[in-house]
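What follows is a single structure, written as structure tokens, with notes after it.
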Amino acid sequence: GQSLGAAQALCGHFATIEHDPAEVDRWHDFLAAWAYRYSSLVCRTMPSALLLEVEASFKLFGPWPRFEAQLRADLDALGFRHRITLAPHPHAARALANVHDGLAVTDEAPLHNALGQLPVERSGLAPGTATSLRRMGLRKLRQVFALPRAALGKRVGPDALAHLDRLTGTLPAPLQCYEPPDAFESRIELNYDVESSQALLFPLRRLTADLAAYLAGRDGGVQRFTVVLEHERIADSEITIGLLAPERNPAMLFELARGRLEQARVPAPVRGVRLLARELPPFVPAG
């Protein structure tokens with residue numbers, strides 16, 4: 001909440017990074033599309049979190065330890081820091097992820113104990129409600145759960161009571177499920193003018209890898225996509241890549257795009273790279 005000048009007056013040795021809410025939403029959508037390969041029930045309505053219903057996927061991806069390891073391997077490869085928790089109820093899993101990483105709770109009794117250990121300010125309650133509870137000397141959720149419900153309702157209000165009930169599964173929590181879009185578009189802005197096609201290979205590799213992850217999520221392929229090179233004062237350059245059959249292997253997509261890029265004539269320095277894929281036919285593996 002501070003101004004940049006005030007922060008620099010307190011401590012001058014730090015790096016600044018611009019926060020773009022639209023960029024955050026775009027990556028949230030991207031991760032939801034990635035998660036769709038592991039579950040048909042994906043919810044991205046909670047800030048900074050994805051919810052997956054995974055029990056129905058155990059027969060396909062194996063027991064939870066193996067499944068969790070696969071999720072972590074994918075997220076590491078995509079370059080995202082993460083925490084993963086497992087719980088019987090979605091809001092409980094989200095709250096536990098505020099404190100834990102790798103915690104897996106499958107039964108109600110251990111869940112109630114794990115929730116009881118949460119600090120009130122990390123339990124998902126509104127900040128004002130959490131502050132009020134701490135002023136009453138209630139620092140853990142177990143202390144809050146122990147209060148008579150009527151007295152607790154007078155102190156925190158119906159919204160906080162409903163949140164506590166969603167944590168324990170007492171109150172059903174219908175969630176809006178994610179549906180992947182029918183097209184893929186991603187962009188990388190470059191910090192400087194790029195004149196060599198070799199310098200564009202790193203963003204191109206990232207874009208084709210993201211496209212492959214998106215295609216795997218929808219269990220589809222791509223037969224035609226376009227790489228757009230953005231220039232400052234002239235029209236963008238477009239490089240179209242066509243394939244004989246739908247494909248989604250990231251290495252193949254990158255090699256095909258690299259070959260076309262190296263053959264293309266770039267008329268001016270490049271300030272940004274976009275990848276567009278609007279034709280996404282079903283993918284049928286060879287053999």
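Labeling convention for the structure tokens: chains A, B, ... as they appear, residues from 1 per chain, ligands from 1 in order of appearance.
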Neighbours of A:Leu215 within 9 Å (only C-alpha atoms; same-chain residues fewer than 4 positions away dropped), as a PyMOL selection string?
-> chain A and resi 33-34+37+184+210-211+219-222+247-248+280+283
Go ahead and save the residues from that selection, with N, CA, C and O atoms, as a short mmCIF file (atom, residue, chain, number, x, y, z; two decimals), in the first residue's frame.
data_model
loop_
_atom_site.label_atom_id
_atom_site.label_comp_id
_atom_site.auth_asym_id
_atom_site.auth_seq_id
_atom_site.Cartn_x
_atom_site.Cartn_y
_atom_site.Cartn_z
N ALA A 33 -6.67 -24.19 -18.10
CA ALA A 33 -6.68 -25.03 -19.30
C ALA A 33 -5.73 -26.21 -19.13
O ALA A 33 -6.02 -27.33 -19.56
N TRP A 34 -4.56 -25.95 -18.52
CA TRP A 34 -3.63 -27.05 -18.24
C TRP A 34 -4.26 -28.08 -17.29
O TRP A 34 -4.16 -29.29 -17.51
N ARG A 37 -6.68 -31.17 -18.26
CA ARG A 37 -6.24 -32.49 -18.73
C ARG A 37 -6.33 -33.53 -17.61
O ARG A 37 -6.32 -34.73 -17.87
N PHE A 184 -6.43 -20.48 -28.90
CA PHE A 184 -5.29 -20.19 -28.03
C PHE A 184 -4.61 -18.92 -28.53
O PHE A 184 -4.39 -18.74 -29.73
N ASP A 210 3.71 -23.54 -24.18
CA ASP A 210 2.41 -23.19 -23.60
C ASP A 210 1.27 -23.68 -24.48
O ASP A 210 0.25 -24.16 -23.98
N LEU A 211 1.44 -23.58 -25.80
CA LEU A 211 0.42 -24.10 -26.71
C LEU A 211 0.26 -25.60 -26.53
O LEU A 211 -0.86 -26.12 -26.49
N ASP A 219 -7.18 -32.14 -24.75
CA ASP A 219 -7.02 -33.39 -25.48
C ASP A 219 -7.22 -33.16 -26.97
O ASP A 219 -7.92 -33.91 -27.65
N GLY A 220 -6.61 -32.09 -27.47
CA GLY A 220 -6.73 -31.75 -28.88
C GLY A 220 -5.37 -31.54 -29.51
O GLY A 220 -4.31 -31.73 -28.88
N GLY A 221 -5.36 -31.13 -30.76
CA GLY A 221 -4.13 -30.85 -31.49
C GLY A 221 -4.26 -29.56 -32.27
O GLY A 221 -5.28 -28.88 -32.21
N VAL A 222 -3.22 -29.20 -32.99
CA VAL A 222 -3.24 -28.01 -33.83
C VAL A 222 -2.65 -28.38 -35.19
O VAL A 222 -1.68 -29.14 -35.27
N GLU A 247 -1.11 -31.96 -34.39
CA GLU A 247 0.04 -32.31 -33.55
C GLU A 247 -0.02 -31.52 -32.26
O GLU A 247 -0.64 -30.46 -32.20
N ARG A 248 0.63 -32.02 -31.20
CA ARG A 248 0.71 -31.25 -29.95
C ARG A 248 2.02 -31.51 -29.21
O ARG A 248 2.17 -31.11 -28.06
N LEU A 280 -8.29 -25.87 -34.05
CA LEU A 280 -7.83 -26.89 -33.09
C LEU A 280 -8.62 -28.18 -33.28
O LEU A 280 -9.56 -28.47 -32.52
N PHE A 283 -7.13 -34.50 -31.70
CA PHE A 283 -5.81 -35.12 -31.83
C PHE A 283 -5.95 -36.63 -31.72
O PHE A 283 -6.52 -37.15 -30.76
#
Contacts of A:Cys43 at 8 Å or less, counting only C-alpha atoms, minus same-chain residues fewer than 4 places along, as a VMD selection string?
-> chain A and resid 32 50 to 52 175 to 178
Can you list, as a PDB file with C-alpha atoms, in the first residue's frame, every residue of stretch 61-272 of chain A that DSSP puts in alpha helix (DSSP H)?
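As a result, selection_19.pdb now contains:
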ATOM      1  CA  PHE A  61      -3.512 -41.183 -13.041  1.00  0.00           C
ATOM      2  CA  TRP A  64      -2.660 -39.415  -4.878  1.00  0.00           C
ATOM      3  CA  PRO A  65       1.136 -39.442  -4.213  1.00  0.00           C
ATOM      4  CA  ARG A  66       1.820 -40.327  -7.861  1.00  0.00           C
ATOM      5  CA  PHE A  67      -0.851 -37.908  -9.070  1.00  0.00           C
ATOM      6  CA  GLU A  68       0.553 -35.080  -6.934  1.00  0.00           C
ATOM      7  CA  ALA A  69       4.074 -35.740  -8.227  1.00  0.00           C
ATOM      8  CA  GLN A  70       2.821 -35.437 -11.809  1.00  0.00           C
ATOM      9  CA  LEU A  71       1.090 -32.125 -11.048  1.00  0.00           C
ATOM     10  CA  ARG A  72       4.271 -30.762  -9.472  1.00  0.00           C
ATOM     11  CA  ALA A  73       6.434 -31.928 -12.382  1.00  0.00           C
ATOM     12  CA  ASP A  74       4.166 -30.159 -14.845  1.00  0.00           C
ATOM     13  CA  LEU A  75       4.049 -26.923 -12.841  1.00  0.00           C
ATOM     14  CA  ASP A  76       7.833 -26.931 -12.431  1.00  0.00           C
ATOM     15  CA  ALA A  77       8.280 -27.443 -16.165  1.00  0.00           C
ATOM     16  CA  LEU A  78       5.866 -24.583 -16.889  1.00  0.00           C
ATOM     17  CA  PRO A  90     -12.918 -27.378  -1.837  1.00  0.00           C
ATOM     18  CA  HIS A  91     -12.873 -24.423   0.578  1.00  0.00           C
ATOM     19  CA  ALA A  92     -10.986 -26.512   3.127  1.00  0.00           C
ATOM     20  CA  ALA A  93      -8.321 -27.407   0.549  1.00  0.00           C
ATOM     21  CA  ARG A  94      -7.989 -23.733  -0.359  1.00  0.00           C
ATOM     22  CA  ALA A  95      -7.635 -22.611   3.272  1.00  0.00           C
ATOM     23  CA  LEU A  96      -5.097 -25.330   4.088  1.00  0.00           C
ATOM     24  CA  GLU A 108     -13.427 -35.711   8.280  1.00  0.00           C
ATOM     25  CA  ALA A 109     -11.753 -36.168  11.685  1.00  0.00           C
ATOM     26  CA  PRO A 110      -8.197 -35.344  10.479  1.00  0.00           C
ATOM     27  CA  LEU A 111      -9.652 -32.495   8.419  1.00  0.00           C
ATOM     28  CA  HIS A 112     -11.310 -30.917  11.457  1.00  0.00           C
ATOM     29  CA  ASN A 113      -8.018 -31.187  13.348  1.00  0.00           C
ATOM     30  CA  ALA A 114      -6.017 -29.645  10.480  1.00  0.00           C
ATOM     31  CA  LEU A 115      -8.503 -26.787  10.120  1.00  0.00           C
ATOM     32  CA  GLY A 116      -8.391 -26.207  13.872  1.00  0.00           C
ATOM     33  CA  PRO A 127      -9.523  -9.401   7.367  1.00  0.00           C
ATOM     34  CA  GLY A 128     -11.816  -7.383   9.621  1.00  0.00           C
ATOM     35  CA  THR A 129     -13.386 -10.545  11.044  1.00  0.00           C
ATOM     36  CA  ALA A 130      -9.975 -12.148  11.646  1.00  0.00           C
ATOM     37  CA  THR A 131      -8.765  -8.997  13.433  1.00  0.00           C
ATOM     38  CA  SER A 132     -11.858  -8.965  15.652  1.00  0.00           C
ATOM     39  CA  LEU A 133     -11.344 -12.611  16.599  1.00  0.00           C
ATOM     40  CA  ARG A 134      -7.705 -12.027  17.484  1.00  0.00           C
ATOM     41  CA  ARG A 135      -8.693  -9.126  19.700  1.00  0.00           C
ATOM     42  CA  LEU A 141      -9.753 -21.893  14.319  1.00  0.00           C
ATOM     43  CA  ARG A 142     -10.181 -24.618  16.925  1.00  0.00           C
ATOM     44  CA  GLN A 143     -10.909 -21.870  19.466  1.00  0.00           C
ATOM     45  CA  VAL A 144     -13.493 -20.417  17.119  1.00  0.00           C
ATOM     46  CA  PHE A 145     -15.111 -23.816  16.488  1.00  0.00           C
ATOM     47  CA  ARG A 149     -22.777 -21.102  17.486  1.00  0.00           C
ATOM     48  CA  ALA A 150     -25.325 -18.474  18.529  1.00  0.00           C
ATOM     49  CA  ALA A 151     -22.724 -16.413  20.387  1.00  0.00           C
ATOM     50  CA  LEU A 152     -20.257 -16.780  17.519  1.00  0.00           C
ATOM     51  CA  GLY A 153     -22.867 -15.622  15.004  1.00  0.00           C
ATOM     52  CA  LYS A 154     -23.464 -12.438  16.998  1.00  0.00           C
ATOM     53  CA  ARG A 155     -19.739 -11.722  17.053  1.00  0.00           C
ATOM     54  CA  VAL A 156     -18.751 -12.433  13.445  1.00  0.00           C
ATOM     55  CA  PRO A 158     -23.669 -14.659   9.008  1.00  0.00           C
ATOM     56  CA  ASP A 159     -21.057 -14.375   6.216  1.00  0.00           C
ATOM     57  CA  ALA A 160     -18.255 -15.581   8.481  1.00  0.00           C
ATOM     58  CA  LEU A 161     -20.454 -18.385   9.816  1.00  0.00           C
ATOM     59  CA  ALA A 162     -21.204 -19.481   6.269  1.00  0.00           C
ATOM     60  CA  HIS A 163     -17.468 -19.517   5.452  1.00  0.00           C
ATOM     61  CA  LEU A 164     -16.736 -21.689   8.480  1.00  0.00           C
ATOM     62  CA  ASP A 165     -19.532 -24.053   7.443  1.00  0.00           C
ATOM     63  CA  ARG A 166     -18.075 -24.294   3.928  1.00  0.00           C
ATOM     64  CA  LEU A 167     -14.681 -25.173   5.401  1.00  0.00           C
ATOM     65  CA  THR A 168     -16.139 -28.119   7.310  1.00  0.00           C
ATOM     66  CA  LEU A 201      14.006 -18.573 -30.130  1.00  0.00           C
ATOM     67  CA  PHE A 202      13.636 -18.386 -26.334  1.00  0.00           C
ATOM     68  CA  PRO A 203      10.204 -16.662 -26.380  1.00  0.00           C
ATOM     69  CA  LEU A 204       9.191 -18.890 -29.285  1.00  0.00           C
ATOM     70  CA  ARG A 205      10.065 -22.022 -27.295  1.00  0.00           C
ATOM     71  CA  ARG A 206       8.019 -20.747 -24.349  1.00  0.00           C
ATOM     72  CA  LEU A 207       5.003 -19.949 -26.539  1.00  0.00           C
ATOM     73  CA  THR A 208       5.017 -23.316 -28.311  1.00  0.00           C
ATOM     74  CA  ALA A 209       5.408 -25.119 -24.958  1.00  0.00           C
ATOM     75  CA  ASP A 210       2.414 -23.189 -23.595  1.00  0.00           C
ATOM     76  CA  LEU A 211       0.423 -24.097 -26.705  1.00  0.00           C
ATOM     77  CA  ALA A 212       1.293 -27.773 -26.243  1.00  0.00           C
ATOM     78  CA  ALA A 213       0.213 -27.666 -22.582  1.00  0.00           C
ATOM     79  CA  TYR A 214      -3.064 -26.025 -23.574  1.00  0.00           C
ATOM     80  CA  LEU A 215      -3.694 -28.641 -26.278  1.00  0.00           C
ATOM     81  CA  ALA A 216      -2.998 -31.482 -23.849  1.00  0.00           C
ATOM     82  CA  GLY A 217      -5.524 -29.967 -21.471  1.00  0.00           C
ATOM     83  CA  ARG A 218      -8.287 -30.078 -24.081  1.00  0.00           C
ATOM     84  CA  PRO A 250       6.074 -29.239 -27.915  1.00  0.00           C
ATOM     85  CA  ALA A 251       9.424 -30.138 -29.478  1.00  0.00           C
ATOM     86  CA  MET A 252       7.860 -30.649 -32.912  1.00  0.00           C
ATOM     87  CA  LEU A 253       5.823 -27.439 -32.711  1.00  0.00           C
ATOM     88  CA  PHE A 254       8.946 -25.503 -31.753  1.00  0.00           C
ATOM     89  CA  GLU A 255      11.108 -26.999 -34.507  1.00  0.00           C
ATOM     90  CA  LEU A 256       8.504 -26.281 -37.168  1.00  0.00           C
ATOM     91  CA  ALA A 257       8.039 -22.705 -35.936  1.00  0.00           C
ATOM     92  CA  ARG A 258      11.814 -22.179 -35.685  1.00  0.00           C
ATOM     93  CA  GLY A 259      12.344 -23.363 -39.246  1.00  0.00           C
ATOM     94  CA  ARG A 260       9.751 -20.908 -40.593  1.00  0.00           C
ATOM     95  CA  LEU A 261      11.091 -18.087 -38.429  1.00  0.00           C
ATOM     96  CA  GLU A 262      14.665 -18.554 -39.634  1.00  0.00           C
ATOM     97  CA  GLN A 263      13.466 -18.421 -43.253  1.00  0.00           C
TER      98      GLN A 263
END
From the DSSP assignment of the backbone, select every residue of stretch 194-242 of chain A that is strand (DSSP E), and format the answer as a list in words.
-> Val194, Val222, Gln223, Arg224, Phe225, Thr226, Val227, Val228, Leu229, Glu230, Ser237, Glu238, Ile239, Thr240, Ile241 and Gly242 of chain A
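Nearest to A:Trp27 of all the residues A:Ser123, A:Ser237, A:Thr85, A:Ser186 is A:Ser186, counting only C-alpha atoms.
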